[in-house]
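Reproduced below: start-v3.cif, with mmCIF, C-alpha atoms.
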```
data_protein
loop_
_atom_site.group_PDB
_atom_site.id
_atom_site.type_symbol
_atom_site.label_atom_id
_atom_site.label_comp_id
_atom_site.auth_asym_id
_atom_site.auth_seq_id
_atom_site.Cartn_x
_atom_site.Cartn_y
_atom_site.Cartn_z
ATOM 1 C CA MET X 1 -100.934 -23.260 24.704
ATOM 2 C CA GLY X 2 -97.684 -22.303 23.051
ATOM 3 C CA ASP X 3 -96.300 -19.271 21.264
ATOM 4 C CA CYS X 4 -97.395 -20.415 17.750
ATOM 5 C CA LEU X 5 -94.387 -19.269 15.741
ATOM 6 C CA SER X 6 -94.752 -17.384 12.468
ATOM 7 C CA ILE X 7 -93.347 -18.723 9.194
ATOM 8 C CA ASP X 8 -90.420 -16.298 9.437
ATOM 9 C CA GLU X 9 -89.702 -17.393 12.997
ATOM 10 C CA VAL X 10 -89.806 -21.069 11.987
ATOM 11 C CA MET X 11 -87.419 -20.384 9.096
ATOM 12 C CA GLY X 12 -85.111 -18.630 11.528
ATOM 13 C CA MET X 13 -85.086 -21.624 13.868
ATOM 14 C CA VAL X 14 -84.313 -24.300 11.271
ATOM 15 C CA PRO X 15 -80.754 -25.118 12.339
ATOM 16 C CA GLN X 16 -79.420 -26.417 9.024
ATOM 17 C CA GLN X 17 -77.374 -23.802 7.222
ATOM 18 C CA GLU X 18 -75.339 -23.551 4.012
ATOM 19 C CA PRO X 19 -74.032 -25.663 2.440
ATOM 20 C CA PHE X 20 -76.524 -28.077 3.977
ATOM 21 C CA ARG X 21 -79.681 -26.000 3.930
ATOM 22 C CA PHE X 22 -82.358 -27.235 1.557
ATOM 23 C CA ILE X 23 -85.312 -25.060 2.513
ATOM 24 C CA ASP X 24 -85.620 -21.585 0.947
ATOM 25 C CA GLU X 25 -89.181 -20.590 1.760
ATOM 26 C CA ILE X 26 -92.316 -21.848 3.423
ATOM 27 C CA LEU X 27 -95.462 -21.141 1.454
ATOM 28 C CA GLU X 28 -98.046 -22.679 3.775
ATOM 29 C CA LEU X 29 -97.903 -23.801 7.383
ATOM 30 C CA ASP X 30 -100.569 -24.860 9.833
ATOM 31 C CA ALA X 31 -101.246 -27.671 12.292
ATOM 32 C CA ASP X 32 -102.038 -30.102 9.484
ATOM 33 C CA HIS X 33 -99.528 -29.392 6.744
ATOM 34 C CA ILE X 34 -96.522 -27.538 5.418
ATOM 35 C CA VAL X 35 -95.542 -26.508 1.899
ATOM 36 C CA ALA X 36 -91.927 -25.478 1.322
ATOM 37 C CA ARG X 37 -89.617 -24.875 -1.618
ATOM 38 C CA HIS X 38 -85.969 -25.202 -2.437
ATOM 39 C CA THR X 39 -83.974 -24.517 -5.583
ATOM 40 C CA PHE X 40 -80.890 -26.652 -6.082
ATOM 41 C CA SER X 41 -77.890 -24.510 -6.937
ATOM 42 C CA LYS X 42 -76.059 -25.608 -10.050
ATOM 43 C CA GLU X 43 -72.889 -24.898 -8.100
ATOM 44 C CA ALA X 44 -73.605 -27.409 -5.306
ATOM 45 C CA ASP X 45 -70.431 -29.352 -4.611
ATOM 46 C CA PHE X 46 -72.054 -32.797 -4.652
ATOM 47 C CA TYR X 47 -72.788 -32.504 -8.383
ATOM 48 C CA ARG X 48 -69.051 -32.804 -9.090
ATOM 49 C CA GLY X 49 -69.156 -36.409 -7.978
ATOM 50 C CA HIS X 50 -72.809 -37.348 -8.551
ATOM 51 C CA PHE X 51 -72.033 -37.874 -11.368
ATOM 52 C CA PRO X 52 -68.988 -36.493 -13.228
ATOM 53 C CA GLY X 53 -70.250 -35.054 -16.492
ATOM 54 C CA ASN X 54 -73.825 -36.084 -15.687
ATOM 55 C CA PRO X 55 -74.942 -34.149 -12.585
ATOM 56 C CA ILE X 56 -78.137 -35.293 -10.875
ATOM 57 C CA THR X 57 -79.352 -34.528 -7.356
ATOM 58 C CA PRO X 58 -78.608 -37.485 -5.029
ATOM 59 C CA GLY X 59 -81.603 -39.255 -3.523
ATOM 60 C CA VAL X 60 -80.195 -38.758 -0.037
ATOM 61 C CA ILE X 61 -80.187 -35.007 -0.630
ATOM 62 C CA LEU X 62 -83.825 -35.188 -1.712
ATOM 63 C CA ILE X 63 -84.621 -37.061 1.503
ATOM 64 C CA GLU X 64 -82.825 -34.373 3.492
ATOM 65 C CA THR X 65 -84.730 -31.688 1.581
ATOM 66 C CA ALA X 66 -88.046 -33.351 2.335
ATOM 67 C CA ALA X 67 -87.050 -33.821 5.979
ATOM 68 C CA GLN X 68 -85.977 -30.203 6.504
ATOM 69 C CA ALA X 69 -89.503 -29.187 5.503
ATOM 70 C CA SER X 70 -91.734 -32.044 6.669
ATOM 71 C CA VAL X 71 -89.919 -32.910 9.877
ATOM 72 C CA VAL X 72 -87.615 -30.079 11.003
ATOM 73 C CA ALA X 73 -89.580 -26.927 10.087
ATOM 74 C CA PHE X 74 -92.967 -28.595 10.576
ATOM 75 C CA GLY X 75 -91.812 -30.032 13.917
ATOM 76 C CA ILE X 76 -90.606 -26.639 15.148
ATOM 77 C CA TYR X 77 -94.006 -25.171 14.326
ATOM 78 C CA LEU X 78 -96.020 -28.007 15.877
ATOM 79 C CA TYR X 79 -93.968 -27.895 19.063
ATOM 80 C CA SER X 80 -94.490 -24.130 19.225
ATOM 81 C CA LEU X 81 -98.236 -24.781 19.420
ATOM 82 C CA GLU X 82 -97.614 -26.607 22.696
ATOM 83 C CA THR X 83 -94.856 -24.682 24.365
ATOM 84 C CA SER X 84 -92.882 -21.461 24.601
ATOM 85 C CA ARG X 85 -90.462 -20.098 22.017
ATOM 86 C CA GLU X 86 -87.657 -20.621 24.549
ATOM 87 C CA ASP X 87 -88.482 -24.301 24.993
ATOM 88 C CA VAL X 88 -88.714 -24.822 21.241
ATOM 89 C CA ALA X 89 -85.207 -23.395 20.925
ATOM 90 C CA LYS X 90 -83.888 -25.987 23.380
ATOM 91 C CA LEU X 91 -84.778 -28.874 21.081
ATOM 92 C CA LEU X 92 -82.948 -30.266 18.095
ATOM 93 C CA THR X 93 -84.985 -32.378 15.689
ATOM 94 C CA ILE X 94 -83.238 -35.558 14.651
ATOM 95 C CA PHE X 95 -84.245 -37.688 11.709
ATOM 96 C CA THR X 96 -85.381 -41.143 12.881
ATOM 97 C CA ASP X 97 -86.876 -43.156 10.034
ATOM 98 C CA CYS X 98 -88.391 -42.997 6.588
ATOM 99 C CA ASN X 99 -90.097 -44.971 3.858
ATOM 100 C CA ILE X 100 -89.711 -43.319 0.477
ATOM 101 C CA ASP X 101 -90.368 -44.068 -3.168
ATOM 102 C CA PHE X 102 -88.473 -42.204 -5.871
ATOM 103 C CA SER X 103 -90.187 -41.620 -9.158
ATOM 104 C CA GLY X 104 -88.323 -38.799 -10.871
ATOM 105 C CA ALA X 105 -85.016 -36.988 -11.197
ATOM 106 C CA VAL X 106 -84.023 -33.537 -9.952
ATOM 107 C CA MET X 107 -81.431 -31.773 -12.038
ATOM 108 C CA PRO X 108 -79.097 -28.884 -11.103
ATOM 109 C CA GLY X 109 -81.102 -25.655 -11.006
ATOM 110 C CA ASP X 110 -84.446 -27.381 -10.500
ATOM 111 C CA ARG X 111 -86.861 -26.059 -7.906
ATOM 112 C CA VAL X 112 -88.773 -28.561 -5.813
ATOM 113 C CA GLN X 113 -91.833 -28.151 -3.635
ATOM 114 C CA THR X 114 -92.344 -30.396 -0.624
ATOM 115 C CA THR X 115 -95.795 -30.824 0.865
ATOM 116 C CA GLY X 116 -95.793 -32.512 4.251
ATOM 117 C CA ARG X 117 -98.980 -33.680 5.955
ATOM 118 C CA LEU X 118 -99.233 -34.599 9.619
ATOM 119 C CA LYS X 119 -99.641 -38.241 10.468
ATOM 120 C CA PHE X 120 -98.943 -37.853 14.169
ATOM 121 C CA PHE X 121 -97.059 -35.594 16.559
ATOM 122 C CA ARG X 122 -96.706 -37.176 19.946
ATOM 123 C CA ARG X 123 -94.080 -37.116 22.687
ATOM 124 C CA LYS X 124 -92.018 -34.830 20.439
ATOM 125 C CA LYS X 125 -92.036 -37.414 17.662
ATOM 126 C CA LEU X 126 -93.407 -36.292 14.316
ATOM 127 C CA ARG X 127 -94.375 -38.469 11.395
ATOM 128 C CA ALA X 128 -95.507 -36.870 8.174
ATOM 129 C CA THR X 129 -96.444 -38.127 4.769
ATOM 130 C CA PHE X 130 -94.973 -36.040 1.994
ATOM 131 C CA ASP X 131 -94.611 -35.599 -1.701
ATOM 132 C CA MET X 132 -92.037 -33.582 -3.588
ATOM 133 C CA THR X 133 -92.797 -32.102 -6.973
ATOM 134 C CA LEU X 134 -91.010 -30.137 -9.658
ATOM 135 C CA ASP X 135 -92.453 -26.860 -10.953
ATOM 136 C CA ASP X 136 -94.327 -28.743 -13.682
ATOM 137 C CA GLY X 137 -96.048 -30.890 -11.058
ATOM 138 C CA THR X 138 -94.016 -34.033 -11.658
ATOM 139 C CA ILE X 139 -93.700 -36.037 -8.450
ATOM 140 C CA VAL X 140 -90.065 -36.912 -7.816
ATOM 141 C CA CYS X 141 -90.491 -38.716 -4.498
ATOM 142 C CA SER X 142 -93.086 -39.398 -1.845
ATOM 143 C CA GLY X 143 -93.525 -41.371 1.336
ATOM 144 C CA GLU X 144 -93.228 -40.960 5.093
ATOM 145 C CA LEU X 145 -90.614 -39.252 7.226
ATOM 146 C CA SER X 146 -90.218 -39.172 10.989
ATOM 147 C CA GLY X 147 -88.142 -37.175 13.395
ATOM 148 C CA MET X 148 -87.878 -36.566 17.095
ATOM 149 C CA GLY X 149 -87.050 -33.566 19.207
ATOM 150 C CA VAL X 150 -84.129 -34.104 21.580
ATOM 151 C CA PRO X 151 -82.388 -31.681 23.956
ATOM 152 C CA ARG X 152 -79.619 -29.716 22.273
ATOM 153 C CA MET D 1 -108.790 -61.187 28.144
ATOM 154 C CA GLU D 2 -106.271 -63.477 29.826
ATOM 155 C CA GLN D 3 -102.923 -61.921 30.692
ATOM 156 C CA SER D 4 -101.179 -64.591 28.634
ATOM 157 C CA GLU D 5 -103.125 -63.514 25.559
ATOM 158 C CA VAL D 6 -102.257 -59.852 26.170
ATOM 159 C CA MET D 7 -98.614 -60.900 26.570
ATOM 160 C CA GLU D 8 -98.700 -62.835 23.312
ATOM 161 C CA ARG D 9 -100.181 -59.884 21.429
ATOM 162 C CA VAL D 10 -97.732 -57.417 23.010
ATOM 163 C CA VAL D 11 -94.782 -59.532 21.920
ATOM 164 C CA LYS D 12 -96.216 -59.884 18.423
ATOM 165 C CA ILE D 13 -96.653 -56.096 18.192
ATOM 166 C CA LEU D 14 -93.106 -55.469 19.439
ATOM 167 C CA THR D 15 -91.513 -57.981 17.090
ATOM 168 C CA PRO D 16 -91.041 -55.753 13.994
ATOM 169 C CA TRP D 17 -88.968 -53.306 16.055
ATOM 170 C CA VAL D 18 -86.901 -55.887 17.987
ATOM 171 C CA LYS D 19 -83.197 -55.831 17.095
ATOM 172 C CA ASP D 20 -82.159 -58.760 19.288
ATOM 173 C CA GLU D 21 -84.123 -61.764 18.104
ATOM 174 C CA THR D 22 -82.307 -64.013 20.581
ATOM 175 C CA ALA D 23 -83.835 -62.041 23.426
ATOM 176 C CA LEU D 24 -87.214 -62.360 21.743
ATOM 177 C CA GLY D 25 -86.915 -66.134 22.011
ATOM 178 C CA LYS D 26 -86.735 -65.994 25.818
ATOM 179 C CA VAL D 27 -89.009 -63.035 26.397
ATOM 180 C CA SER D 28 -90.711 -62.744 29.792
ATOM 181 C CA MET D 29 -92.621 -60.163 31.821
ATOM 182 C CA GLU D 30 -89.241 -58.921 33.114
ATOM 183 C CA THR D 31 -87.738 -58.395 29.654
ATOM 184 C CA ASN D 32 -86.747 -54.750 29.196
ATOM 185 C CA ILE D 33 -88.053 -53.381 25.914
ATOM 186 C CA LEU D 34 -85.135 -51.050 25.222
ATOM 187 C CA ASP D 35 -82.222 -52.761 26.969
ATOM 188 C CA ASP D 36 -83.007 -56.426 26.247
ATOM 189 C CA LEU D 37 -85.012 -56.374 23.047
ATOM 190 C CA LYS D 38 -82.941 -53.429 21.704
ATOM 191 C CA VAL D 39 -85.979 -51.581 20.450
ATOM 192 C CA ASN D 40 -84.851 -48.121 19.299
ATOM 193 C CA SER D 41 -86.169 -45.532 21.779
ATOM 194 C CA ALA D 42 -87.301 -43.376 18.843
ATOM 195 C CA ARG D 43 -89.705 -46.204 17.992
ATOM 196 C CA LEU D 44 -91.502 -46.196 21.335
ATOM 197 C CA VAL D 45 -94.203 -43.873 20.038
ATOM 198 C CA ASP D 46 -94.770 -46.262 17.127
ATOM 199 C CA VAL D 47 -95.067 -49.131 19.610
ATOM 200 C CA VAL D 48 -97.561 -47.266 21.780
ATOM 201 C CA ILE D 49 -99.695 -46.326 18.782
ATOM 202 C CA ALA D 50 -99.628 -49.963 17.667
ATOM 203 C CA PHE D 51 -100.780 -51.025 21.165
ATOM 204 C CA GLU D 52 -103.627 -48.503 20.972
ATOM 205 C CA ASP D 53 -104.713 -49.649 17.539
ATOM 206 C CA ASP D 54 -104.441 -53.351 18.247
ATOM 207 C CA PHE D 55 -106.220 -53.291 21.622
ATOM 208 C CA ASP D 56 -108.536 -50.366 20.789
ATOM 209 C CA ILE D 57 -107.450 -48.397 23.848
ATOM 210 C CA GLU D 58 -105.927 -44.998 24.567
ATOM 211 C CA ILE D 59 -102.637 -44.700 26.403
ATOM 212 C CA ALA D 60 -101.743 -41.362 27.987
ATOM 213 C CA ASP D 61 -98.241 -40.041 27.433
ATOM 214 C CA GLU D 62 -97.678 -40.015 31.212
ATOM 215 C CA ASP D 63 -98.395 -43.748 31.297
ATOM 216 C CA VAL D 64 -95.851 -44.391 28.576
ATOM 217 C CA ASP D 65 -93.112 -43.068 30.841
ATOM 218 C CA ARG D 66 -93.783 -45.942 33.253
ATOM 219 C CA VAL D 67 -93.384 -48.672 30.625
ATOM 220 C CA ASN D 68 -89.944 -50.221 30.733
ATOM 221 C CA THR D 69 -90.560 -53.952 30.556
ATOM 222 C CA VAL D 70 -92.872 -56.204 28.598
ATOM 223 C CA GLY D 71 -94.698 -56.782 31.886
ATOM 224 C CA ASP D 72 -95.211 -53.038 32.333
ATOM 225 C CA ALA D 73 -96.873 -52.926 28.930
ATOM 226 C CA VAL D 74 -98.976 -56.017 29.606
ATOM 227 C CA ASN D 75 -100.172 -54.654 32.953
ATOM 228 C CA LEU D 76 -100.901 -51.198 31.551
ATOM 229 C CA ILE D 77 -102.903 -52.633 28.673
ATOM 230 C CA SER D 78 -104.702 -55.197 30.834
ATOM 231 C CA GLY D 79 -105.834 -52.375 33.123
ATOM 232 C CA LYS D 80 -107.541 -50.664 30.207
ATOM 233 C CA LEU D 81 -109.380 -53.673 28.767
#
```

I need this file expressed as structure tokens, please.
Amino acid sequence: MGDCLSIDEVMGMVPQQEPFRFIDEILELDADHIVARHTFSKEADFYRGHFPGNPITPGVILIETAAQASVVAFGIYLYSLETSREDVAKLLTIFTDCNIDFSGAVMPGDRVQTTGRLKFFRRKKLRATFDMTLDDGTIVCSGELSGMGVPR
Amino acid sequence: MEQSEVMERVVKILTPWVKDETALGKVSMETNILDDLKVNSARLVDVVIAFEDDFDIEIADEDVDRVNTVGDAVNLISGKL
């Protein structure tokens, strides 16, 4: 049995920080799923180039946003169910593969909610299905994401 | 199940993750899954789960650590059939 980290502890252990942090809060977290939110700042630098005069959140940033919730934060929690807080801190979760469909656009200032559901967590590899929605429930992307814990 | 049939199914399962198709053409029991076939190590869990599903067996994580070659996989699976 592990230390079973709290939501606040998981948030504190997500290594990504500004300007590359795309997880603001975790609403739900257990062994089967995670629900997290992020609001895209209108001031984010990537909007200057994507696209000039017509800012829209890049798909790769949406993938990263989904991964920080469904793979990184979820992975930290799942690993904490198996091992100590100290051992969890020794691992860095790397993104390994994904299969994603995009179906909507995320504009500057939009808030998105990512729901990740466990597919498997084995040998420190996590695969989760996910969907990302806007506040009005519109799905902007969905699919599968995987990551793996490696020594820091 | 004959070992040759297990071998054939193992190679078929590995194929989607193989990066060196030349090596796949001369695969043998001694072929190393990571070094020769260039399967990404992050995909090993996917491979093991595919073995379990295809052969309807369970493979313990400790056993996975001993699988380096195609032959290791064939022998491990054959021992569980």

At most 8 Å to chain X: residues in chain D, only C-alpha atoms, as an mmCIF file with C-alpha atoms, keeping the file's coordinate frame:
```
data_model
loop_
_atom_site.group_PDB
_atom_site.id
_atom_site.type_symbol
_atom_site.label_atom_id
_atom_site.label_comp_id
_atom_site.auth_asym_id
_atom_site.auth_seq_id
_atom_site.Cartn_x
_atom_site.Cartn_y
_atom_site.Cartn_z
ATOM 1 C CA ALA D 42 -87.301 -43.376 18.843
ATOM 2 C CA VAL D 45 -94.203 -43.873 20.038
ATOM 3 C CA ASP D 61 -98.241 -40.041 27.433
#
```

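Taking CA of Lys42 in chain X as the reference point, CA of Met107 in chain X is found at 8.4 Å.
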
Give me the result of the PyMOL selection byres ((chain D and resi 28) around 12) on this file, residue by residue, as a tab-separated table (two decimals) with C-alpha atoms, in the frame of the given file.
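So result-v9.tsv came out as:
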```
chain	number	residue	atom	x	y	z
D	4	SER	CA	-101.18	-64.59	28.63
D	7	MET	CA	-98.61	-60.90	26.57
D	8	GLU	CA	-98.70	-62.84	23.31
D	10	VAL	CA	-97.73	-57.42	23.01
D	11	VAL	CA	-94.78	-59.53	21.92
D	23	ALA	CA	-83.84	-62.04	23.43
D	24	LEU	CA	-87.21	-62.36	21.74
D	25	GLY	CA	-86.92	-66.13	22.01
D	26	LYS	CA	-86.74	-65.99	25.82
D	27	VAL	CA	-89.01	-63.04	26.40
D	29	MET	CA	-92.62	-60.16	31.82
D	30	GLU	CA	-89.24	-58.92	33.11
D	31	THR	CA	-87.74	-58.40	29.65
D	32	ASN	CA	-86.75	-54.75	29.20
D	33	ILE	CA	-88.05	-53.38	25.91
D	36	ASP	CA	-83.01	-56.43	26.25
D	37	LEU	CA	-85.01	-56.37	23.05
D	69	THR	CA	-90.56	-53.95	30.56
D	70	VAL	CA	-92.87	-56.20	28.60
D	71	GLY	CA	-94.70	-56.78	31.89
D	72	ASP	CA	-95.21	-53.04	32.33
D	73	ALA	CA	-96.87	-52.93	28.93
D	74	VAL	CA	-98.98	-56.02	29.61
```

Can you turn the PyMOL selection byres ((chain X and resi 77) around 12) into a concrete residue list for this file, as an mmCIF file with C-alpha atoms, keeping the file's coordinate frame?
```cif
data_model
loop_
_atom_site.group_PDB
_atom_site.id
_atom_site.type_symbol
_atom_site.label_atom_id
_atom_site.label_comp_id
_atom_site.auth_asym_id
_atom_site.auth_seq_id
_atom_site.Cartn_x
_atom_site.Cartn_y
_atom_site.Cartn_z
ATOM 1 C CA GLY X 2 -97.684 -22.303 23.051
ATOM 2 C CA ASP X 3 -96.300 -19.271 21.264
ATOM 3 C CA CYS X 4 -97.395 -20.415 17.750
ATOM 4 C CA LEU X 5 -94.387 -19.269 15.741
ATOM 5 C CA SER X 6 -94.752 -17.384 12.468
ATOM 6 C CA ILE X 7 -93.347 -18.723 9.194
ATOM 7 C CA ASP X 8 -90.420 -16.298 9.437
ATOM 8 C CA GLU X 9 -89.702 -17.393 12.997
ATOM 9 C CA VAL X 10 -89.806 -21.069 11.987
ATOM 10 C CA MET X 11 -87.419 -20.384 9.096
ATOM 11 C CA GLY X 12 -85.111 -18.630 11.528
ATOM 12 C CA MET X 13 -85.086 -21.624 13.868
ATOM 13 C CA VAL X 14 -84.313 -24.300 11.271
ATOM 14 C CA ILE X 26 -92.316 -21.848 3.423
ATOM 15 C CA GLU X 28 -98.046 -22.679 3.775
ATOM 16 C CA LEU X 29 -97.903 -23.801 7.383
ATOM 17 C CA ASP X 30 -100.569 -24.860 9.833
ATOM 18 C CA ALA X 31 -101.246 -27.671 12.292
ATOM 19 C CA ASP X 32 -102.038 -30.102 9.484
ATOM 20 C CA HIS X 33 -99.528 -29.392 6.744
ATOM 21 C CA ILE X 34 -96.522 -27.538 5.418
ATOM 22 C CA ALA X 69 -89.503 -29.187 5.503
ATOM 23 C CA SER X 70 -91.734 -32.044 6.669
ATOM 24 C CA VAL X 71 -89.919 -32.910 9.877
ATOM 25 C CA VAL X 72 -87.615 -30.079 11.003
ATOM 26 C CA ALA X 73 -89.580 -26.927 10.087
ATOM 27 C CA PHE X 74 -92.967 -28.595 10.576
ATOM 28 C CA GLY X 75 -91.812 -30.032 13.917
ATOM 29 C CA ILE X 76 -90.606 -26.639 15.148
ATOM 30 C CA LEU X 78 -96.020 -28.007 15.877
ATOM 31 C CA TYR X 79 -93.968 -27.895 19.063
ATOM 32 C CA SER X 80 -94.490 -24.130 19.225
ATOM 33 C CA LEU X 81 -98.236 -24.781 19.420
ATOM 34 C CA GLU X 82 -97.614 -26.607 22.696
ATOM 35 C CA THR X 83 -94.856 -24.682 24.365
ATOM 36 C CA SER X 84 -92.882 -21.461 24.601
ATOM 37 C CA ARG X 85 -90.462 -20.098 22.017
ATOM 38 C CA VAL X 88 -88.714 -24.822 21.241
ATOM 39 C CA ALA X 89 -85.207 -23.395 20.925
ATOM 40 C CA THR X 93 -84.985 -32.378 15.689
ATOM 41 C CA LEU X 118 -99.233 -34.599 9.619
ATOM 42 C CA PHE X 121 -97.059 -35.594 16.559
ATOM 43 C CA LYS X 124 -92.018 -34.830 20.439
ATOM 44 C CA LEU X 126 -93.407 -36.292 14.316
ATOM 45 C CA GLY X 149 -87.050 -33.566 19.207
#
```

Q) Do you know which residues the PyMOL selection byres ((chain X and resi 128) around 6) returns on this file, as an MDAnalysis selection string? A) chainID X and resid 116:119 127 129 144:145

(Q) Report, in Å with one decimal, the straight-line distance from CA of Asp101 in chain X to CA of Asp135 in chain X. (A)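 Interatomic distance, CA of Asp101 in chain X to CA of Asp135 in chain X: 19.0 Å.
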
Please provide as a PDB file with C-alpha atoms, in the coordinates of the input all residues within 12 Å of range 54-56 of chain D, with the sequence filter that same-chain residues fewer than 5 positions apart are discarded (counting all atoms listed in the file).
```pdb
ATOM      1  CA  MET D   1    -108.790 -61.187  28.144  1.00  0.00           C
ATOM      2  CA  GLU D   5    -103.125 -63.514  25.559  1.00  0.00           C
ATOM      3  CA  VAL D   6    -102.257 -59.852  26.170  1.00  0.00           C
ATOM      4  CA  MET D   7     -98.614 -60.900  26.570  1.00  0.00           C
ATOM      5  CA  ARG D   9    -100.181 -59.884  21.429  1.00  0.00           C
ATOM      6  CA  VAL D  10     -97.732 -57.417  23.010  1.00  0.00           C
ATOM      7  CA  LYS D  12     -96.216 -59.884  18.423  1.00  0.00           C
ATOM      8  CA  ILE D  13     -96.653 -56.096  18.192  1.00  0.00           C
ATOM      9  CA  LEU D  14     -93.106 -55.469  19.439  1.00  0.00           C
ATOM     10  CA  VAL D  47     -95.067 -49.131  19.610  1.00  0.00           C
ATOM     11  CA  VAL D  48     -97.561 -47.266  21.780  1.00  0.00           C
ATOM     12  CA  ILE D  49     -99.695 -46.326  18.782  1.00  0.00           C
ATOM     13  CA  ALA D  73     -96.873 -52.926  28.930  1.00  0.00           C
ATOM     14  CA  VAL D  74     -98.976 -56.017  29.606  1.00  0.00           C
ATOM     15  CA  LEU D  76    -100.901 -51.198  31.551  1.00  0.00           C
ATOM     16  CA  ILE D  77    -102.903 -52.633  28.673  1.00  0.00           C
ATOM     17  CA  SER D  78    -104.702 -55.197  30.834  1.00  0.00           C
ATOM     18  CA  GLY D  79    -105.834 -52.375  33.123  1.00  0.00           C
ATOM     19  CA  LYS D  80    -107.541 -50.664  30.207  1.00  0.00           C
ATOM     20  CA  LEU D  81    -109.380 -53.673  28.767  1.00  0.00           C
TER      21      LEU D  81
END
```

Q.
Taking only C-alpha atoms into account, name the residue in X:Ala67, X:Met132, X:Ile56, X:Ile100 that is nearest to Glu43 in chain X.
A.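 Smallest separation from Glu43 in chain X among the options: X:Ile56.
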
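Pairwise distance (CA of Ala66 in chain X, CA of Thr114 in chain X) equals 6.0 Å.
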
Q: Can you work out which one of D:Trp17, D:Glu52, D:Arg66, D:Thr22 has the shortest atom-to-atom distance to Asn40 in chain D, counting only C-alpha atoms?
A: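 Closest candidate: D:Trp17.
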
Any chance you could model N, CA and C atoms for range 6-22 of chain X and send them as a compact mmCIF listing (two decimals), in the frame of the given file?
```txt
# COMPACT_ATOMS: atom_id res chain seq x y z
N SER X 6 -94.43 -17.79 13.84
CA SER X 6 -94.75 -17.38 12.47
C SER X 6 -93.85 -18.15 11.49
N ILE X 7 -94.18 -18.07 10.21
CA ILE X 7 -93.35 -18.72 9.19
C ILE X 7 -91.92 -18.18 9.26
N ASP X 8 -91.77 -16.88 9.38
CA ASP X 8 -90.42 -16.30 9.44
C ASP X 8 -89.66 -16.80 10.66
N GLU X 9 -90.37 -16.91 11.79
CA GLU X 9 -89.70 -17.39 13.00
C GLU X 9 -89.28 -18.85 12.84
N VAL X 10 -90.16 -19.67 12.22
CA VAL X 10 -89.81 -21.07 11.99
C VAL X 10 -88.57 -21.14 11.09
N MET X 11 -88.58 -20.38 10.00
CA MET X 11 -87.42 -20.38 9.10
C MET X 11 -86.14 -20.01 9.85
N GLY X 12 -86.27 -19.06 10.76
CA GLY X 12 -85.11 -18.63 11.53
C GLY X 12 -84.62 -19.66 12.52
N MET X 13 -85.48 -20.61 12.88
CA MET X 13 -85.09 -21.62 13.87
C MET X 13 -84.66 -22.94 13.23
N VAL X 14 -84.83 -23.08 11.93
CA VAL X 14 -84.31 -24.30 11.27
C VAL X 14 -82.79 -24.25 11.38
N PRO X 15 -82.18 -25.23 12.04
CA PRO X 15 -80.75 -25.12 12.34
C PRO X 15 -79.83 -25.36 11.15
N GLN X 16 -80.29 -26.11 10.16
CA GLN X 16 -79.42 -26.42 9.02
C GLN X 16 -79.10 -25.15 8.23
N GLN X 17 -77.83 -24.98 7.95
CA GLN X 17 -77.37 -23.80 7.22
C GLN X 17 -76.51 -24.22 6.03
N GLU X 18 -76.18 -23.26 5.17
CA GLU X 18 -75.34 -23.55 4.01
C GLU X 18 -74.01 -24.16 4.45
N PRO X 19 -73.53 -25.14 3.72
CA PRO X 19 -74.03 -25.66 2.44
C PRO X 19 -75.00 -26.84 2.60
N PHE X 20 -75.63 -26.94 3.77
CA PHE X 20 -76.52 -28.08 3.98
C PHE X 20 -77.94 -27.60 4.31
N ARG X 21 -78.33 -26.50 3.71
CA ARG X 21 -79.68 -26.00 3.93
C ARG X 21 -80.48 -26.20 2.64
N PHE X 22 -81.56 -26.90 2.74
CA PHE X 22 -82.36 -27.24 1.56
C PHE X 22 -83.81 -26.79 1.72
```
